[in-house]
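S.K.: Before I ask anything, here is the structure I am working with.
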Amino acid sequence: MVDMKNGTTDTSGWLSKRTNIFLDRFPTHSRLAESYRTLRANLHFAFLDRDFRSVLITSSGEKEGKTSTVANTAYTMAKAGKSVLMIDADLRRPFLSMMAPSSQSSGLTGLLSGLFGTDIREGSLKNLRFADLLRLLAMQKKTGELRLLDQEESVEVFFFQGRMVDLNWVTRPDDQRLATLLVQSGLISAEQAKQVLVHQRSTGQKLGFILISTGLLKKEQLDGILTMHMMEGLRNALQMTTGKFSFKEVREFEFTSSPYSPVDFDEVYKQVVIAEEEIAYIQDKINEAILPTSVDNLFLLPAGKLPPNPSELLSSERMAYLLSILEKKFDRIVIDTPPLLPASDALLIADHVDGVVLVVKAGAINRKMIKKAVEQLRSARASIMGVVLNQVDIKRAGYYSYYHKYYSSYYGKQAEK
């Protein structure tokens, strides 16, 4: 549904001109259009010293114009040639999603609860690759054993609370097995290897634990070669693209972990996956949920079905992981959330974005409430970029004569050029 490469969209798509929310209904040189271009420029300059990908826009209370600010901030960014995604994370009153009322998108909630909650008891490796399975098990915090079978290859991977803690390449060639490698490297003799393997078969204990507990090797001697051993197993699992998988879940108290676990599988996995992680299933489902708009380079991830527990969904690791994927797809992400004072939802996301902008409707909220909202953002370790003063009556404020004189003069000179 989305062409990420060139940022183009089908102008006959879901976004109806009846929504009347974007700046294209105002003259290019209007004060409103210029205000949003100024906001875009200020955000750019605020992030000159670091990479800027995501901004969250919220307000203290209701009806302060945060959703229109989200839409038009994203609009001006897209007009500047950036690929921009709007996310409707207001899972209580998702006004931004009303621009796509008949959408078939699963939305944000569909990705967080549906995609990341995918049943992975068994299936085909053509649909769900090992990398996809790793991420889904991590999101679901599963404990148990994952088995991969691809033609004559077999790999067993063990998880505890979603973390990979052990791996067994069942069909590993004999000349690549740990005991053989240790003999080849001169760390143990062939006779010692035979004795250790007999002990392993009779007790079921890990080879590394036996070698250390019997005094044949020190931990430092084994760590490096065992890490390389696991890396080879991981590479083999990542290359399995056909066949099937099955996952057997066990209760945490029934899970037996090795007393000797020197391998940091998270770090090993990062080393094995040198290029971009191939999570084809997850990527496809995310792409299906993202909708194109009638504006080139501008896309929307609607809220989806409203959940009974918005705060729980938005504070989950799933939300943080989803944002990390989306930040690689788009130049800019602009997120709409509920107001701060009625709900804590914005605070739960604030730590996962590059910056937060607070929208304040002129004359609508008293200073104490605004101050309270700012204090809440600071307590959530949010990077507050500034405040947008919205719906200012410039005539009453005494600005009208200045604006009229300045803009008339400036754009008159531009026309003369």
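In the structure tokens, chains take letters A, B, ... by order of appearance, with residues numbered from 1 within each chain and ligands from 1 in the order shown.
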I'd like a table as a tab-separated table: residues in segment 200-278 of chain A with an atom no more than 6 Å from segment 137-161 of chain A, each row giving the shortest atom pair and its distance in Å to one decimal, only C-alpha atoms counted, sorted by chain and rising residue number.
M.R.:
```
residue	atom	partner	partner_atom	distance
A:Thr242	CA	A:Asp150	CA	5.7
A:Gly243	CA	A:Asp150	CA	4.2
A:Lys244	CA	A:Leu149	CA	5.4
A:Phe245	CA	A:Leu148	CA	4.6
A:Ser246	CA	A:Arg147	CA	5.3
A:Phe247	CA	A:Leu146	CA	4.4
A:Lys248	CA	A:Glu145	CA	5.3
A:Glu249	CA	A:Gly144	CA	4.3
A:Val250	CA	A:Gly144	CA	5.0
```
S.K.: Store the residues picked out above, limited to C-alpha atoms, as a PDB file, in the first residue's frame.
M.R.:
```
ATOM      1  CA  THR A 242      11.894 -23.398   3.868  1.00  0.00           C
ATOM      2  CA  GLY A 243      10.586 -26.185   6.062  1.00  0.00           C
ATOM      3  CA  LYS A 244       8.668 -25.645   9.267  1.00  0.00           C
ATOM      4  CA  PHE A 245       8.921 -24.481  12.866  1.00  0.00           C
ATOM      5  CA  SER A 246       7.248 -25.406  16.134  1.00  0.00           C
ATOM      6  CA  PHE A 247       7.352 -23.804  19.555  1.00  0.00           C
ATOM      7  CA  LYS A 248       6.750 -25.698  22.783  1.00  0.00           C
ATOM      8  CA  GLU A 249       5.979 -23.368  25.640  1.00  0.00           C
ATOM      9  CA  VAL A 250       6.889 -24.351  29.194  1.00  0.00           C
TER      10      VAL A 250
END
```
S.K.: To one decimal place in Å, what is the distance between atom CA of Asn297 of chain A and atom CA of Ala74 of chain A?
M.R.: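 Calculated distance between atom CA of Asn297 of chain A and atom CA of Ala74 of chain A is 9.7 Å.
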S.K.: Which one of A:Glu317, A:Asp264, A:Asp336, A:Asp351 sits closest to Val165 of chain A if you count only C-alpha atoms?
M.R.: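 Smallest separation from Val165 of chain A among the options: A:Asp264.
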S.K.: Just how far from atom CA of His352 of chain A is atom CA of Arg381 of chain A, in Å to one decimal?
M.R.: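 We find that atom CA of Arg381 of chain A and atom CA of His352 of chain A lie 9.8 Å from each other.
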S.K.: From the set A:Gln271, A:Ser54, A:Ser213, A:Thr241, which residue has the shortest atom-to-atom contact distance to Ile349 of chain A, counting only C-alpha atoms?
M.R.: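 Under the stated criterion, the closest residue is A:Ser54.
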S.K.: Find, counting only C-alpha atoms, the residue in A:Ser202, A:Ser315, A:Ser106, A:Ser83 that gets nearest to Ile333 of chain A.
M.R.: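 Of A:Ser202, A:Ser315, A:Ser106, A:Ser83, the one nearest Ile333 of chain A, counting only C-alpha atoms, is A:Ser83.
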